[in-house]
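Structure file upload-v7.csv (CSV, C-alpha atoms) follows.
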chain,number,residue,atom,x,y,z
O,64,MET,CA,118.0,43.4,38.2
O,65,ALA,CA,120.2,45.0,41.0
O,66,ASN,CA,123.2,47.2,40.4
O,67,ILE,CA,122.5,48.0,36.8
O,68,ASN,CA,123.7,51.5,37.2
O,69,LYS,CA,127.1,50.3,38.3
O,70,ILE,CA,127.9,48.7,34.9
O,71,LYS,CA,128.4,50.0,31.4
O,72,GLY,CA,125.2,48.4,30.1
O,73,VAL,CA,123.2,45.2,29.7
O,74,ILE,CA,123.5,43.0,26.7
O,75,GLY,CA,120.9,40.3,25.8
O,76,ILE,CA,121.8,37.3,23.7
O,77,LEU,CA,119.5,34.7,22.1
O,78,THR,CA,119.6,32.0,19.5
O,79,GLY,CA,116.6,31.3,17.3
O,80,GLY,CA,115.6,28.8,14.6
O,81,GLY,CA,117.3,25.5,14.1
O,82,ASP,CA,120.3,24.5,16.2
O,83,VAL,CA,123.7,24.2,14.7
O,84,PRO,CA,127.3,23.6,16.0
O,85,GLY,CA,129.0,26.9,16.5
O,86,LEU,CA,126.3,28.7,18.4
O,87,ASN,CA,127.9,28.2,21.8
O,88,PRO,CA,131.3,29.5,20.6
O,89,ALA,CA,129.5,32.6,19.3
O,90,ILE,CA,127.8,33.2,22.7
O,91,ARG,CA,131.2,32.8,24.4
O,92,GLY,CA,132.8,35.2,21.9
O,93,VAL,CA,130.3,37.9,22.9
O,94,ALA,CA,129.9,37.2,26.6
O,95,ILE,CA,133.5,37.0,27.7
O,96,ARG,CA,134.6,40.2,26.0
O,97,ALA,CA,131.4,41.9,27.2
O,98,ILE,CA,131.9,40.9,30.8
O,99,ARG,CA,135.5,41.9,30.8
O,100,GLU,CA,134.6,45.3,29.3
O,101,GLY,CA,132.2,45.9,32.2
O,102,TYR,CA,128.8,44.8,30.8
O,103,LYS,CA,126.2,42.5,32.2
O,104,VAL,CA,125.1,39.7,29.9
O,105,ILE,CA,121.7,38.1,30.0
O,106,GLY,CA,120.9,34.9,28.0
O,107,ILE,CA,117.4,34.8,26.7
O,108,ARG,CA,116.1,31.2,26.5
O,109,ARG,CA,114.3,29.7,23.6
O,110,GLY,CA,114.9,32.6,21.1
O,111,TRP,CA,112.3,35.3,21.0
O,112,GLY,CA,110.0,32.8,22.8
O,113,GLY,CA,111.8,33.4,26.1
O,114,LEU,CA,111.5,37.1,25.7
O,115,ILE,CA,107.7,37.3,25.2
O,116,ASP,CA,107.1,34.7,27.9
O,117,ILE,CA,108.6,36.9,30.7
O,118,VAL,CA,106.3,37.8,33.5
O,119,ARG,CA,107.1,41.3,34.6
O,120,ASP,CA,107.0,40.6,38.4
O,121,GLU,CA,110.0,40.4,40.7
O,122,ASN,CA,108.4,37.5,42.5
O,123,ALA,CA,107.7,35.5,39.3
O,124,ASP,CA,109.8,32.5,38.4
O,125,ASN,CA,111.4,33.5,35.1
O,126,SER,CA,114.2,31.0,35.2
O,127,LYS,CA,112.9,29.3,32.1
O,128,ASN,CA,113.0,32.5,30.2
O,129,PHE,CA,116.4,34.1,31.0
O,130,PHE,CA,119.5,34.0,33.2
O,131,GLU,CA,122.7,35.9,33.7
O,132,LEU,CA,125.7,34.6,31.7
O,133,THR,CA,129.1,34.1,33.4
O,134,GLU,CA,132.5,33.3,32.0
O,135,GLU,CA,132.4,29.9,33.6
O,136,VAL,CA,129.1,29.0,32.0
O,137,VAL,CA,129.9,30.2,28.5
O,138,THR,CA,133.5,28.7,28.5
O,139,LYS,CA,132.3,25.3,29.4
O,140,ALA,CA,129.4,25.4,26.8
O,141,ALA,CA,131.6,26.7,24.0
O,142,ARG,CA,133.2,23.3,23.5
O,143,THR,CA,129.8,21.7,22.7
O,144,GLY,CA,127.4,21.7,19.8
O,145,GLY,CA,123.8,23.0,19.7
O,146,THR,CA,122.8,25.9,21.9
O,147,PHE,CA,122.7,25.9,25.7
O,148,LEU,CA,120.2,28.8,25.5
O,149,HIS,CA,117.8,26.5,23.5
O,150,SER,CA,115.8,27.8,20.6
O,151,SER,CA,112.4,28.3,19.0
O,152,ARG,CA,110.8,29.7,15.8
O,153,THR,CA,108.8,32.3,17.7
O,154,ASN,CA,107.9,35.5,15.9
O,155,PRO,CA,106.7,38.2,18.4
O,156,SER,CA,105.0,40.1,15.5
O,157,LYS,CA,102.9,37.1,14.6
O,158,VAL,CA,101.7,35.3,17.8
O,159,SER,CA,98.7,33.1,17.4
O,160,LYS,CA,95.8,33.1,19.9
O,161,GLU,CA,96.7,29.6,20.8
O,162,ASP,CA,100.4,30.4,21.5
O,163,MET,CA,99.7,33.6,23.4
O,164,PRO,CA,101.5,33.8,26.8
O,165,PRO,CA,98.8,33.6,29.6
O,166,GLN,CA,99.6,37.1,30.9
O,167,TYR,CA,98.6,38.7,27.6
O,168,LYS,CA,95.5,36.6,26.6
O,169,ASP,CA,93.0,39.2,27.7
O,170,LYS,CA,94.8,42.0,25.9
O,171,TYR,CA,95.5,40.3,22.5
O,172,THR,CA,92.5,38.3,21.2
O,173,ASP,CA,93.0,38.3,17.4
O,174,ASP,CA,93.8,35.0,15.6
O,175,ILE,CA,97.3,36.5,14.9
O,176,ASN,CA,98.8,39.3,17.1
O,177,ASP,CA,101.8,41.6,17.1
O,178,ILE,CA,103.0,41.8,20.6
O,179,THR,CA,106.2,43.8,19.9
O,180,GLU,CA,105.0,46.3,22.5
O,181,GLU,CA,105.3,43.6,25.2
O,182,ALA,CA,108.7,42.5,23.9
O,183,LEU,CA,110.0,46.1,24.3
O,184,LYS,CA,108.5,46.4,27.7
O,185,ASN,CA,110.2,43.1,28.7
O,186,LEU,CA,113.6,44.3,27.5
O,187,ASP,CA,113.1,47.5,29.5
O,188,TRP,CA,112.1,45.5,32.6
O,189,LEU,CA,115.3,43.4,32.3
O,190,GLY,CA,117.4,46.5,31.9
O,191,ILE,CA,118.7,45.3,28.5
O,192,ASP,CA,119.8,48.1,26.3
O,193,THR,CA,121.3,46.1,23.4
O,194,MET,CA,120.2,42.8,21.8
O,195,ILE,CA,122.5,40.4,19.9
O,196,PRO,CA,120.2,37.8,18.2
O,197,ILE,CA,122.0,34.9,16.5
O,198,GLY,CA,119.9,33.2,13.9
O,199,GLY,CA,118.8,32.8,10.3
O,200,ASP,CA,116.9,35.3,8.2
O,201,ASP,CA,113.7,34.6,10.1
O,202,THR,CA,115.1,35.2,13.6
O,203,LEU,CA,117.1,38.2,12.4
O,204,SER,CA,114.1,39.7,10.6
O,205,TYR,CA,112.6,40.3,14.0
O,206,GLY,CA,115.9,41.7,15.1
O,207,LEU,CA,115.5,44.2,12.2
O,208,ARG,CA,112.0,44.9,13.5
O,209,LEU,CA,113.4,45.9,16.9
O,210,HIS,CA,116.0,48.0,15.2
O,211,GLN,CA,113.2,49.8,13.3
O,212,GLU,CA,111.5,50.4,16.6
O,213,GLY,CA,114.6,52.2,17.8
O,214,PHE,CA,116.1,49.5,19.9
O,215,ASN,CA,119.9,48.8,19.8
O,216,VAL,CA,120.5,45.5,17.8
O,217,VAL,CA,123.6,43.8,16.4
O,218,ALA,CA,122.9,40.6,14.6
O,219,ILE,CA,125.0,37.4,13.9
O,220,PRO,CA,124.0,35.1,11.0
O,221,LYS,CA,123.5,31.4,11.7
O,222,THR,CA,122.1,28.7,9.6
O,223,MET,CA,123.4,25.4,8.2
O,224,ASP,CA,121.6,26.4,4.9
O,225,ASN,CA,124.0,29.4,4.6
O,226,ASP,CA,121.1,31.4,3.0
O,227,VAL,CA,121.2,34.7,5.0
O,228,PRO,CA,121.6,37.5,2.5
O,229,GLY,CA,124.7,39.8,2.8
O,230,THR,CA,127.3,37.3,4.1
O,231,ASP,CA,129.3,34.5,2.4
O,232,TYR,CA,129.2,32.5,5.6
O,233,CYS,CA,126.7,31.6,8.3
O,234,ILE,CA,127.5,29.7,11.5
O,235,GLY,CA,126.9,26.0,11.2
O,236,PHE,CA,127.4,25.7,7.5
O,237,SER,CA,131.0,24.2,7.6
O,238,THR,CA,130.0,21.5,10.1
O,239,CYS,CA,127.0,20.7,8.0
O,240,ILE,CA,129.1,20.2,4.9
O,241,SER,CA,131.7,18.2,6.9
O,242,ARG,CA,129.0,15.9,8.4
O,243,THR,CA,127.3,15.5,5.0
O,244,ILE,CA,130.5,14.4,3.3
O,245,GLN,CA,131.3,12.0,6.1
O,246,LEU,CA,127.8,10.4,6.1
O,247,ALA,CA,127.8,10.1,2.3
O,248,ASN,CA,131.1,8.3,2.3
O,249,GLU,CA,129.9,6.0,5.0
O,250,LEU,CA,126.7,5.2,3.0
O,251,ARG,CA,129.0,3.9,0.2
O,252,THR,CA,129.4,0.7,2.2
O,253,PRO,CA,125.8,-0.6,1.9
O,254,THR,CA,125.2,1.1,-1.4
O,255,GLY,CA,128.2,-0.6,-3.0
O,256,SER,CA,127.6,-3.9,-1.3
O,257,HIS,CA,124.1,-4.1,-2.8
O,258,GLU,CA,125.0,-2.4,-6.1
O,259,ARG,CA,122.2,0.2,-5.7
O,260,PHE,CA,121.4,3.8,-6.0
O,261,CYS,CA,121.7,6.0,-2.9
O,262,VAL,CA,119.4,8.9,-2.5
O,263,MET,CA,120.4,11.4,0.2
O,264,GLU,CA,117.9,14.1,1.1
O,265,VAL,CA,119.5,17.1,2.8
O,266,PHE,CA,118.3,20.2,4.6
O,267,GLY,CA,118.7,23.5,2.9
O,268,ARG,CA,115.2,24.9,2.5
O,269,TYR,CA,115.1,27.0,-0.7
O,270,ALA,CA,118.9,27.1,-1.3
O,271,GLY,CA,121.1,24.3,-2.8
O,272,PHE,CA,124.4,25.0,-1.0
O,273,THR,CA,124.1,22.0,1.3
O,274,ALA,CA,123.8,19.7,-1.7
O,275,MET,CA,126.2,21.5,-4.1
O,276,LEU,CA,129.3,21.7,-1.8
O,277,PRO,CA,129.4,18.1,-0.8
O,278,THR,CA,128.9,17.0,-4.4
O,279,LEU,CA,131.6,19.4,-5.5
O,280,ALA,CA,133.8,17.6,-2.9
O,281,GLY,CA,133.0,14.2,-4.4
O,282,ALA,CA,130.4,13.0,-1.9
O,283,SER,CA,127.9,12.1,-4.6
O,284,HIS,CA,127.8,11.7,-8.4
O,285,ARG,CA,124.9,14.1,-8.9
O,286,CYS,CA,122.9,16.7,-6.9
O,287,ILE,CA,119.5,18.2,-7.3
O,288,ILE,CA,118.8,21.7,-6.0
O,289,PRO,CA,115.8,23.9,-5.4
O,290,GLU,CA,116.9,26.6,-7.9
O,291,HIS,CA,116.4,24.3,-10.9
O,292,LYS,CA,113.4,22.0,-11.5
O,293,PHE,CA,114.6,18.5,-12.7
O,294,ASN,CA,113.5,15.7,-14.9
O,295,VAL,CA,113.4,12.4,-13.0
O,296,GLU,CA,114.0,10.3,-16.2
O,297,GLN,CA,117.0,12.3,-17.1
O,298,LEU,CA,118.3,11.9,-13.5
O,299,THR,CA,117.7,8.1,-13.8
O,300,GLU,CA,119.7,7.8,-17.0
O,301,LEU,CA,122.6,9.7,-15.5
O,302,LEU,CA,122.7,7.6,-12.4
O,303,VAL,CA,122.5,4.3,-14.4
O,304,GLU,CA,125.4,5.7,-16.4
O,305,ASP,CA,127.4,6.5,-13.3
O,306,ARG,CA,126.7,3.1,-11.8
O,307,LYS,CA,128.0,1.3,-14.9
O,308,LYS,CA,131.2,3.4,-14.9
O,309,ASN,CA,131.8,2.7,-11.2
O,310,PRO,CA,133.9,-0.5,-10.6
O,311,SER,CA,131.8,-1.1,-7.4
O,312,ASN,CA,128.6,-0.7,-9.5
O,313,TYR,CA,126.7,1.9,-7.5
O,314,SER,CA,125.8,5.6,-7.8
O,315,MET,CA,124.7,8.4,-5.4
O,316,VAL,CA,122.6,11.5,-5.7
O,317,MET,CA,122.1,14.3,-3.1
O,318,ILE,CA,118.7,16.0,-3.2
O,319,SER,CA,117.9,19.3,-1.4
O,320,GLU,CA,114.6,19.1,0.5
O,321,GLY,CA,113.3,22.0,-1.5
O,322,ALA,CA,114.0,20.4,-4.9
O,323,MET,CA,111.1,20.2,-7.4
O,324,ILE,CA,110.3,17.8,-10.2
O,325,GLU,CA,109.4,19.4,-13.6
O,326,GLY,CA,105.7,20.1,-13.7
O,327,GLU,CA,105.2,19.4,-9.9
O,328,ASP,CA,105.2,21.4,-6.7
O,329,MET,CA,107.5,21.6,-3.8
O,330,VAL,CA,107.0,18.7,-1.3
O,331,PHE,CA,106.1,19.3,2.3
O,332,GLU,CA,105.8,17.0,5.3
O,333,GLY,CA,102.5,18.6,6.3
O,334,SER,CA,100.3,21.7,5.8
O,335,GLU,CA,101.1,23.4,9.1
O,336,ALA,CA,103.3,26.6,8.9
O,337,ASP,CA,105.6,28.0,11.6
O,338,ALA,CA,105.4,31.5,13.0
O,339,PHE,CA,107.3,32.9,10.0
O,340,GLY,CA,105.0,31.3,7.5
O,341,HIS,CA,107.2,28.3,6.5
O,342,LYS,CA,105.8,24.8,6.1
O,343,LYS,CA,108.2,22.0,6.9
O,344,LEU,CA,109.9,20.6,3.8
O,345,GLY,CA,110.6,17.0,3.3
O,346,GLY,CA,109.7,13.9,1.3
O,347,ILE,CA,111.2,14.6,-2.1
O,348,GLY,CA,113.8,11.9,-1.5
O,349,ASP,CA,111.1,9.3,-1.0
O,350,ILE,CA,109.3,10.3,-4.2
O,351,VAL,CA,112.5,10.2,-6.2
O,352,SER,CA,113.6,6.9,-4.8
O,353,ASP,CA,110.4,5.2,-5.8
O,354,ARG,CA,110.6,6.6,-9.4
O,355,LEU,CA,114.2,5.7,-9.8
O,356,LYS,CA,113.5,2.1,-9.0
O,357,THR,CA,110.7,2.0,-11.6
O,358,LEU,CA,112.4,4.0,-14.3
O,359,SER,CA,115.8,2.3,-14.0
O,360,LYS,CA,114.4,-0.7,-15.9
O,361,LYS,CA,114.4,1.4,-19.1
O,362,TYR,CA,118.1,2.0,-18.9
O,363,ASN,CA,119.3,-1.2,-17.3
O,364,ASN,CA,118.2,-3.9,-19.7
O,365,GLY,CA,114.7,-4.3,-18.2
O,366,ARG,CA,116.0,-4.8,-14.6
O,367,SER,CA,115.2,-2.4,-11.8
O,368,ILE,CA,117.9,-1.1,-9.6
O,369,GLY,CA,117.3,-1.0,-5.8
O,370,VAL,CA,117.6,2.2,-3.9
O,371,ILE,CA,118.9,3.1,-0.5
O,372,ASN,CA,117.0,6.2,0.7
O,373,GLN,CA,118.3,8.3,3.5
O,374,LYS,CA,117.3,11.6,5.0
O,375,LEU,CA,120.5,13.0,6.4
O,376,GLY,CA,118.6,15.8,8.1
O,377,TYR,CA,119.4,16.4,11.8
O,378,THR,CA,122.6,14.2,11.7
O,379,THR,CA,124.3,16.9,9.7
O,380,ARG,CA,123.6,19.5,12.4
O,381,CYS,CA,124.4,17.5,15.5
O,382,GLY,CA,127.6,17.1,17.5
O,383,ASN,CA,130.5,19.4,18.2
O,384,PRO,CA,131.5,22.2,15.8
O,385,ASP,CA,134.4,21.6,13.3
O,386,ALA,CA,137.4,23.9,13.1
O,387,ILE,CA,135.7,26.6,11.0
O,388,ASP,CA,132.6,26.6,13.2
O,389,SER,CA,134.8,27.0,16.3
O,390,ILE,CA,136.8,29.9,14.9
O,391,ALA,CA,134.4,31.9,12.8
O,392,PRO,CA,131.7,32.1,15.5
O,393,MET,CA,134.3,33.3,18.0
O,394,ALA,CA,135.3,36.1,15.6
O,395,PHE,CA,131.6,36.9,14.8
O,396,GLY,CA,130.9,37.3,18.6
O,397,ASN,CA,133.9,39.5,19.2
O,398,ILE,CA,133.0,41.7,16.2
O,399,ALA,CA,129.5,42.1,17.5
O,400,LEU,CA,130.9,43.3,20.8
O,401,ASP,CA,133.2,45.7,19.0
O,402,LEU,CA,130.2,47.2,17.3
O,403,VAL,CA,128.5,47.6,20.7
O,404,LEU,CA,131.5,49.3,22.2
O,405,ARG,CA,131.6,51.7,19.2
O,406,LYS,CA,127.8,52.2,19.5
O,407,GLU,CA,127.3,51.1,15.9
O,408,PHE,CA,123.9,49.5,16.0
O,409,GLY,CA,121.6,48.1,13.3
O,410,ARG,CA,124.5,46.0,11.9
O,411,LEU,CA,124.9,42.4,10.7
O,412,VAL,CA,128.2,40.7,11.3
O,413,VAL,CA,129.4,39.2,8.0
O,414,LEU,CA,132.2,37.3,6.3
O,415,ASN,CA,132.8,38.4,2.7
O,416,ASN,CA,135.6,37.6,0.3
O,417,GLY,CA,137.5,36.0,3.2
O,418,LYS,CA,137.3,39.1,5.4
O,419,TYR,CA,135.3,39.7,8.5
O,420,GLY,CA,133.2,42.8,8.6
O,421,ASN,CA,129.7,44.2,9.1
O,422,ARG,CA,126.8,45.5,7.0
O,423,SER,CA,123.5,47.2,7.6
O,424,ILE,CA,121.0,44.8,9.1
O,425,ASP,CA,118.6,45.9,6.4
O,426,VAL,CA,120.5,43.6,4.0
O,427,ILE,CA,118.5,40.7,5.5
O,428,GLU,CA,115.5,41.9,3.5
O,429,SER,CA,117.5,42.5,0.3
O,430,GLY,CA,116.2,39.3,-1.3
O,431,SER,CA,116.9,35.6,-1.2
O,432,LYS,CA,120.4,34.1,-1.2
O,433,THR,CA,120.5,31.1,-3.5
O,434,VAL,CA,122.8,29.2,-5.9
O,435,ASP,CA,123.6,31.1,-9.1
O,436,VAL,CA,122.5,28.3,-11.4
O,437,GLU,CA,124.0,29.8,-14.6
O,438,LYS,CA,127.4,30.2,-13.1
O,439,TYR,CA,127.8,27.2,-10.9
O,440,TYR,CA,125.3,24.4,-11.8
O,441,ASN,CA,125.3,22.2,-14.9
O,442,THR,CA,121.6,21.8,-15.6
O,443,GLU,CA,122.2,19.0,-18.2
O,444,ARG,CA,124.4,16.9,-16.0
O,445,TYR,CA,122.9,17.7,-12.6
O,446,ARG,CA,126.1,18.6,-10.8
O,447,PRO,CA,128.4,21.6,-10.2
O,448,TYR,CA,130.7,23.0,-12.7
O,449,TYR,CA,134.4,22.2,-12.0
O,450,ASN,CA,136.0,25.2,-13.7
O,451,ILE,CA,134.9,27.9,-11.3
O,452,PHE,CA,137.5,28.2,-8.6
O,453,GLU,CA,140.1,30.9,-9.3
O,454,ASP,CA,139.4,34.1,-7.4
O,455,GLN,CA,136.5,32.5,-5.6
O,456,PRO,CA,136.1,32.5,-1.8
O,457,LEU,CA,136.5,29.4,0.4
O,458,PHE,CA,133.1,28.0,-0.2
O,459,ILE,CA,132.9,28.9,-3.9
O,460,MET,CA,129.3,29.5,-4.8
O,461,ALA,CA,128.4,30.8,-1.4
O,462,SER,CA,129.8,34.2,-2.2
O,463,GLN,CA,127.5,37.2,-2.1
O,464,LEU,CA,128.0,41.0,-2.4
O,465,ALA,CA,131.5,40.4,-3.4
O,466,LYS,CA,132.3,44.0,-4.4

Show how you would write the structure in this file as structure tokens.
Amino acid sequence: MANINKIKGVIGILTGGGDVPGLNPAIRGVAIRAIREGYKVIGIRRGWGGLIDIVRDENADNSKNFFELTEEVVTKAARTGGTFLHSSRTNPSKVSKEDMPPQYKDKYTDDINDITEEALKNLDWLGIDTMIPIGGDDTLSYGLRLHQEGFNVVAIPKTMDNDVPGTDYCIGFSTCISRTIQLANELRTPTGSHERFCVMEVFGRYAGFTAMLPTLAGASHRCIIPEHKFNVEQLTELLVEDRKKNPSNYSMVMISEGAMIEGEDMVFEGSEADAFGHKKLGGIGDIVSDRLKTLSKKYNNGRSIGVINQKLGYTTRCGNPDAIDSIAPMAFGNIALDLVLRKEFGRLVVLNNGKYGNRSIDVIESGSKTVDVEKYYNTERYRPYYNIFEDQPLFIMASQLAK
């Protein structure tokens, strides 16, 4: 903590929520500019988890909670995927008794505790005067909380789901779409060889962008999204029709993890919720696969059609960033630093209508960002419309706050 008075200020950076390619380029975008402008940069490990785990004692070993970032460290890491700062889904405003850091156990004894007071004390102890959290709406919602407490915050949107309100684009989305298209095309080999259906369950939580865009690009015949409940029998009939039309005698469907069958509820892997109240989605692909195999007899002359069932999941968020997720995060990071230099805090870096900019961080709580079903999704054919492109941004239906 020495020599803080000899520098312009101290910036803290953290990454929260799921990892995606593009996080490390964003960290580099902030850090190199900040260091050259005369700032000290501290990387907080494990999202908000590293911040609340800090022991405010000069003799304590806090190496697992934070460390100073250098140009050498961030430049090397920027070429890789994931986040070298690591991540977590910690919410300092809702810490359970079981997850409470040992140093606070005697002070906070409720089942769920708000320890924002400790988070602010830890930031002060570190000498950090500005935080740049990089994450989805959950991680950034706590950044908004710190802003409301009077702390300097500039936020950067990240999520492969692309569902942070206020921005057309979130870090990780492009690589997710690229990987999904690649994996879907590779799955054509076994699906075609065995003349089956292929069901691909993709991440996306409550938004259907990760299923819609690959389908729009031709990665599957149909897609099922959370924004519209679907009929399994109707889907079966469509897939049998697609299979018959295909010279290789197979058909493919992409299903968002949050998709729901008509008359049924959303499917979860378990009942446990994370610190932001979200239960882990997953399993809809398994259910649909079983029903497709049974129902296909009705539309295939009494013979059932086999199903290849794959959860693409983490394979779409692993590896190095693609071109967009190498360039856009760099720009986001530099814009964040520009805002710090101008002392414009409480802002969210955004990309709208093909132009980089920023909005009030309050936009994070403006409502959910989901697919506009009426405009982009054919609810009878279970696929995107193909007459929606002129005057649309790069990722078509991902546009928001266009005016």

Nearby residues, (129.5, 40.3, 9.5) file frame, 7 Å, all atoms listed in the file, as a list in words
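Counting all atoms listed in the file, I find these residues within 7 Å of (129.5, 40.3, 9.5): Ile219, Thr230, Phe395, Leu411, Val412, Val413, Leu414, Tyr419, Gly420, Asn421 and Arg422 of chain O.
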
All residues 6 Å or closer to stretch 103-111 of chain O, all atoms listed in the file, same chain fewer than 2 positions away omitted, as a ChimeraX atom specification:
/O:73-79,113-114,128-132,148-151,153

Would you compute the distance between atom CA of O:Leu203 and atom CA of O:Lys71? Give it in Å to one decimal.
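Result for atom CA of O:Leu203 versus atom CA of O:Lys71: 25.1 Å, one decimal.
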
Quick one: of O:Ser352, O:Asn309, O:Asn450, O:Thr379, who's nearest to O:Val295, counting all atoms listed in the file?
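Under the stated criterion, the closest residue is O:Ser352.
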
So that each row is one residue of stretch 373-404 of chain O with an atom at most 12 Å from stretch 173-194 of chain O, can you give its shortest atom pair and the distance in Å to one decimal, using only C-alpha atoms, rows by chain and rising number, as JSON lines?
{"residue": "O:Ala399", "atom": "CA", "partner": "O:Met194", "partner_atom": "CA", "distance": 10.3}
{"residue": "O:Leu400", "atom": "CA", "partner": "O:Thr193", "partner_atom": "CA", "distance": 10.3}
{"residue": "O:Leu402", "atom": "CA", "partner": "O:Thr193", "partner_atom": "CA", "distance": 10.8}
{"residue": "O:Val403", "atom": "CA", "partner": "O:Thr193", "partner_atom": "CA", "distance": 7.8}
{"residue": "O:Leu404", "atom": "CA", "partner": "O:Thr193", "partner_atom": "CA", "distance": 10.8}

Let's have the selection written as a JSON list (two decimals), keeping the file's coordinate frame, with C-alpha atoms.
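Output file result-v2.json follows:
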[["chain", "number", "residue", "atom", "x", "y", "z"],
["O", 399, "ALA", "CA", 129.50, 42.10, 17.50],
["O", 400, "LEU", "CA", 130.90, 43.30, 20.80],
["O", 402, "LEU", "CA", 130.20, 47.20, 17.30],
["O", 403, "VAL", "CA", 128.50, 47.60, 20.70],
["O", 404, "LEU", "CA", 131.50, 49.30, 22.20]]

When you look at O:Met315 with a cut-off of 7 Å (counting all atoms listed in the file), what residues show up, excluding the ones that are within fewer than 2 positions of it in the same chain? I need them as a short mmCIF file (atom, residue, chain, number, x, y, z; two decimals) with C-alpha atoms, in the coordinates of the input.
data_model
loop_
_atom_site.label_atom_id
_atom_site.label_comp_id
_atom_site.auth_asym_id
_atom_site.auth_seq_id
_atom_site.Cartn_x
_atom_site.Cartn_y
_atom_site.Cartn_z
CA PHE O 260 121.40 3.80 -6.00
CA CYS O 261 121.70 6.00 -2.90
CA VAL O 262 119.40 8.90 -2.50
CA SER O 283 127.90 12.10 -4.60
CA HIS O 284 127.80 11.70 -8.40
CA ARG O 285 124.90 14.10 -8.90
CA MET O 317 122.10 14.30 -3.10
#

Go through O:Arg119, O:Arg251, O:Lys343, O:Arg242 one by one, measure the shortest atom-to-atom distance of each to O:Tyr167 using only C-alpha atoms, and give the residue with the smallest value.
O:Arg119

Find the smallest box with edges along x, y and z containing every listed atom of stretch 231-247 of chain O, then add 3 Å on each side and report centre and edge lengths in Å to one decimal, as lines of an AutoDock Vina configuration file.
center_x = 129.2
center_y = 22.3
center_z = 6.9
size_x = 11.0
size_y = 30.4
size_z = 15.2

Since the input has fewer atoms than a full residue there, write stretch 442-446 of chain O out with all heavy atoms, as a PDB file, in the frame of the given file.
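Output file selection_3.pdb is given in full below:
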ATOM      1  N   THR O 442     123.000  22.206 -15.590  1.00  0.00           N
ATOM      2  CA  THR O 442     121.600  21.800 -15.600  1.00  0.00           C
ATOM      3  C   THR O 442     121.387  20.543 -16.509  1.00  0.00           C
ATOM      4  O   THR O 442     120.324  19.919 -16.448  1.00  0.00           O
ATOM      5  CB  THR O 442     120.677  22.896 -16.061  1.00  0.00           C
ATOM      6  OG1 THR O 442     121.076  23.346 -17.358  1.00  0.00           O
ATOM      7  CG2 THR O 442     120.738  24.056 -15.079  1.00  0.00           C
ATOM      8  N   GLU O 443     122.352  20.221 -17.349  1.00  0.00           N
ATOM      9  CA  GLU O 443     122.200  19.000 -18.200  1.00  0.00           C
ATOM     10  C   GLU O 443     122.775  17.791 -17.470  1.00  0.00           C
ATOM     11  O   GLU O 443     122.262  16.682 -17.644  1.00  0.00           O
ATOM     12  CB  GLU O 443     123.013  19.228 -19.506  1.00  0.00           C
ATOM     13  CG  GLU O 443     122.474  20.348 -20.372  1.00  0.00           C
ATOM     14  CD  GLU O 443     121.055  20.086 -20.836  1.00  0.00           C
ATOM     15  OE1 GLU O 443     120.738  18.919 -21.179  1.00  0.00           O
ATOM     16  OE2 GLU O 443     120.249  21.047 -20.849  1.00  0.00           O
ATOM     17  N   ARG O 444     123.780  18.006 -16.636  1.00  0.00           N
ATOM     18  CA  ARG O 444     124.400  16.900 -16.000  1.00  0.00           C
ATOM     19  C   ARG O 444     124.086  16.778 -14.485  1.00  0.00           C
ATOM     20  O   ARG O 444     124.489  15.833 -13.813  1.00  0.00           O
ATOM     21  CB  ARG O 444     125.966  17.011 -16.113  1.00  0.00           C
ATOM     22  CG  ARG O 444     126.464  17.136 -17.548  1.00  0.00           C
ATOM     23  CD  ARG O 444     126.164  15.895 -18.364  1.00  0.00           C
ATOM     24  NE  ARG O 444     126.967  14.756 -17.914  1.00  0.00           N
ATOM     25  CZ  ARG O 444     126.803  13.508 -18.344  1.00  0.00           C
ATOM     26  NH1 ARG O 444     125.828  13.244 -19.197  1.00  0.00           N
ATOM     27  NH2 ARG O 444     127.569  12.536 -17.909  1.00  0.00           N
ATOM     28  N   TYR O 445     123.322  17.735 -13.973  1.00  0.00           N
ATOM     29  CA  TYR O 445     122.900  17.700 -12.600  1.00  0.00           C
ATOM     30  C   TYR O 445     124.048  17.613 -11.592  1.00  0.00           C
ATOM     31  O   TYR O 445     124.083  16.747 -10.717  1.00  0.00           O
ATOM     32  CB  TYR O 445     121.870  16.613 -12.316  1.00  0.00           C
ATOM     33  CG  TYR O 445     120.547  16.799 -13.039  1.00  0.00           C
ATOM     34  CD1 TYR O 445     119.766  15.696 -13.367  1.00  0.00           C
ATOM     35  CD2 TYR O 445     120.081  18.059 -13.388  1.00  0.00           C
ATOM     36  CE1 TYR O 445     118.547  15.845 -14.038  1.00  0.00           C
ATOM     37  CE2 TYR O 445     118.874  18.228 -14.053  1.00  0.00           C
ATOM     38  CZ  TYR O 445     118.116  17.119 -14.377  1.00  0.00           C
ATOM     39  OH  TYR O 445     116.926  17.273 -15.041  1.00  0.00           O
ATOM     40  N   ARG O 446     124.992  18.512 -11.753  1.00  0.00           N
ATOM     41  CA  ARG O 446     126.100  18.600 -10.800  1.00  0.00           C
ATOM     42  C   ARG O 446     126.806  19.930 -10.985  1.00  0.00           C
ATOM     43  O   ARG O 446     126.553  20.646 -11.961  1.00  0.00           O
ATOM     44  CB  ARG O 446     127.100  17.434 -11.080  1.00  0.00           C
ATOM     45  CG  ARG O 446     127.764  17.448 -12.449  1.00  0.00           C
ATOM     46  CD  ARG O 446     128.564  16.177 -12.663  1.00  0.00           C
ATOM     47  NE  ARG O 446     129.232  16.149 -13.962  1.00  0.00           N
ATOM     48  CZ  ARG O 446     129.743  15.052 -14.496  1.00  0.00           C
ATOM     49  NH1 ARG O 446     129.671  13.898 -13.847  1.00  0.00           N
ATOM     50  NH2 ARG O 446     130.352  15.102 -15.671  1.00  0.00           N
TER      51      ARG O 446
END
